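**Q** For reference, the structure I am asking about is given below.
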Amino acid sequence: MNTKTTGMAGEDRAAAFLEKNNYKIIYRNWRTREGEIDIIACKGDTLIFVEVKTFPHTPFEEIGRVIGKAKQKKIIETSKHFLNSYREYNSMYIRYDVVVIGKDESHLEHIPAAFSESL
């Protein structure tokens, strides 16, 4: 599998996991010139921007630093573009989650509120 296929498979697993846990998927791979959000979901009164990281060849225990500050900032800026385009979500709470996918089915970690705008 190439990296694009691996990433898409990881995003499929993450979306299925979130749906199984009562998240409603609104968009997948939402893009602007500034960046991309892998999954945009909502649960209750919270809008969640989800970054999915797939590491098929890395031991799961070594994935501690998943997303750096620059990537976090890019996701936050992209989420602001989403909110400007879809104002119906502006009254919701905002959260930034990360889903880390390992090399087999048992390695999936959901990190709610993994980062915030206060970088």
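Just so we're on the same page: first chain in the structure tokens is A, next is B, and so on; residues restart at 1 for each chain, and ligands are numbered from 1 in the order they show up.
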So that I can check the surroundings of Ser118 (chain A), please list as a list in words every protein, DNA and RNA residue that reaches within 12 Å of it, counting only C-alpha atoms and ignoring chain neighbours fewer than 6 positions away.
**A**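 In the requested format, the answer is Lys69, Gln72, Lys73, Ile76 and Tyr96 of chain A.
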**Q** When you look at Lys4 (chain A) with a cut-off of 12 Å (counting only C-alpha atoms), what residues show up, excluding the ones that are within fewer than 4 positions of it in the same chain? I need them as a PyMOL selection string.
**A** chain A and resi 8-11+53-54
**Q** Report, in Å with one decimal, the straight-line distance from CA of Arg31 (chain A) to CA of Gly7 (chain A).
**A**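 CA of Gly7 (chain A) lies at a distance of 15.7 Å from CA of Arg31 (chain A).
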**Q** Rounded to one decimal, what separation in Å do you get between CA of Arg87 (chain A) and CA of Val50 (chain A)?
**A**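 Going from CA of Arg87 (chain A) over to CA of Val50 (chain A) covers 18.8 Å.
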**Q** Measuring atom to atom with only C-alpha atoms, identify which of A:Asp97, A:Thr5, A:Lys80, A:Lys71 is nearest to Ala41 (chain A).
**A**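 Ranked by minimum distance to Ala41 (chain A), first place goes to A:Asp97.
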**Q** Please extract the residues of chain A with a backbone DSSP assignment of helix (DSSP H, G or I) and present them as a VMD selection string.
**A** chain A and resid 3 to 20 60 to 62 69 to 85 87 to 89
**Q** Generate the output file for the selected residues, C-alpha atoms, as a PDB file, in the first residue's frame.
**A**
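Here's the written file selection_1.pdb:
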ATOM      1  CA  THR A   3       0.967   6.375   1.757  1.00  0.00           C
ATOM      2  CA  LYS A   4      -2.211   7.817   0.212  1.00  0.00           C
ATOM      3  CA  THR A   5      -3.991   4.462   0.354  1.00  0.00           C
ATOM      4  CA  THR A   6      -2.721   3.862   3.893  1.00  0.00           C
ATOM      5  CA  GLY A   7      -3.937   7.302   4.977  1.00  0.00           C
ATOM      6  CA  MET A   8      -7.358   6.810   3.413  1.00  0.00           C
ATOM      7  CA  ALA A   9      -7.720   3.406   5.100  1.00  0.00           C
ATOM      8  CA  GLY A  10      -6.795   5.018   8.421  1.00  0.00           C
ATOM      9  CA  GLU A  11      -9.354   7.762   7.913  1.00  0.00           C
ATOM     10  CA  ASP A  12     -12.003   5.140   7.099  1.00  0.00           C
ATOM     11  CA  ARG A  13     -11.202   3.333  10.372  1.00  0.00           C
ATOM     12  CA  ALA A  14     -11.274   6.609  12.320  1.00  0.00           C
ATOM     13  CA  ALA A  15     -14.639   7.618  10.808  1.00  0.00           C
ATOM     14  CA  ALA A  16     -16.137   4.196  11.585  1.00  0.00           C
ATOM     15  CA  PHE A  17     -14.840   4.410  15.155  1.00  0.00           C
ATOM     16  CA  LEU A  18     -16.311   7.879  15.644  1.00  0.00           C
ATOM     17  CA  GLU A  19     -19.685   6.868  14.178  1.00  0.00           C
ATOM     18  CA  LYS A  20     -19.757   3.805  16.425  1.00  0.00           C
ATOM     19  CA  PHE A  60       2.352   2.320  18.781  1.00  0.00           C
ATOM     20  CA  GLU A  61       4.198   3.185  21.986  1.00  0.00           C
ATOM     21  CA  GLU A  62       6.531   5.521  20.053  1.00  0.00           C
ATOM     22  CA  LYS A  69       2.707  23.191  16.701  1.00  0.00           C
ATOM     23  CA  ALA A  70       2.876  24.194  13.020  1.00  0.00           C
ATOM     24  CA  LYS A  71       0.393  21.460  12.036  1.00  0.00           C
ATOM     25  CA  GLN A  72      -1.898  22.426  14.924  1.00  0.00           C
ATOM     26  CA  LYS A  73      -1.877  26.051  13.795  1.00  0.00           C
ATOM     27  CA  LYS A  74      -2.679  25.019  10.207  1.00  0.00           C
ATOM     28  CA  ILE A  75      -5.632  22.896  11.377  1.00  0.00           C
ATOM     29  CA  ILE A  76      -6.940  25.739  13.545  1.00  0.00           C
ATOM     30  CA  GLU A  77      -6.680  28.257  10.703  1.00  0.00           C
ATOM     31  CA  THR A  78      -8.412  25.839   8.330  1.00  0.00           C
ATOM     32  CA  SER A  79     -11.183  25.287  10.879  1.00  0.00           C
ATOM     33  CA  LYS A  80     -11.765  29.049  10.988  1.00  0.00           C
ATOM     34  CA  HIS A  81     -12.288  29.022   7.221  1.00  0.00           C
ATOM     35  CA  PHE A  82     -14.812  26.225   7.672  1.00  0.00           C
ATOM     36  CA  LEU A  83     -16.691  28.217  10.316  1.00  0.00           C
ATOM     37  CA  ASN A  84     -16.720  31.283   8.062  1.00  0.00           C
ATOM     38  CA  SER A  85     -18.214  29.188   5.259  1.00  0.00           C
ATOM     39  CA  ARG A  87     -22.056  29.766   9.887  1.00  0.00           C
ATOM     40  CA  GLU A  88     -24.747  27.377  11.130  1.00  0.00           C
ATOM     41  CA  TYR A  89     -22.035  25.775  13.294  1.00  0.00           C
TER      42      TYR A  89
END
**Q** Taking only region 7-117 of chain A into account, list the residues labelled strand (DSSP E) by DSSP (computed from the backbone), as a ChimeraX atom specification.
**A** /A:24-31,36-43,46-54,93-101,108-115
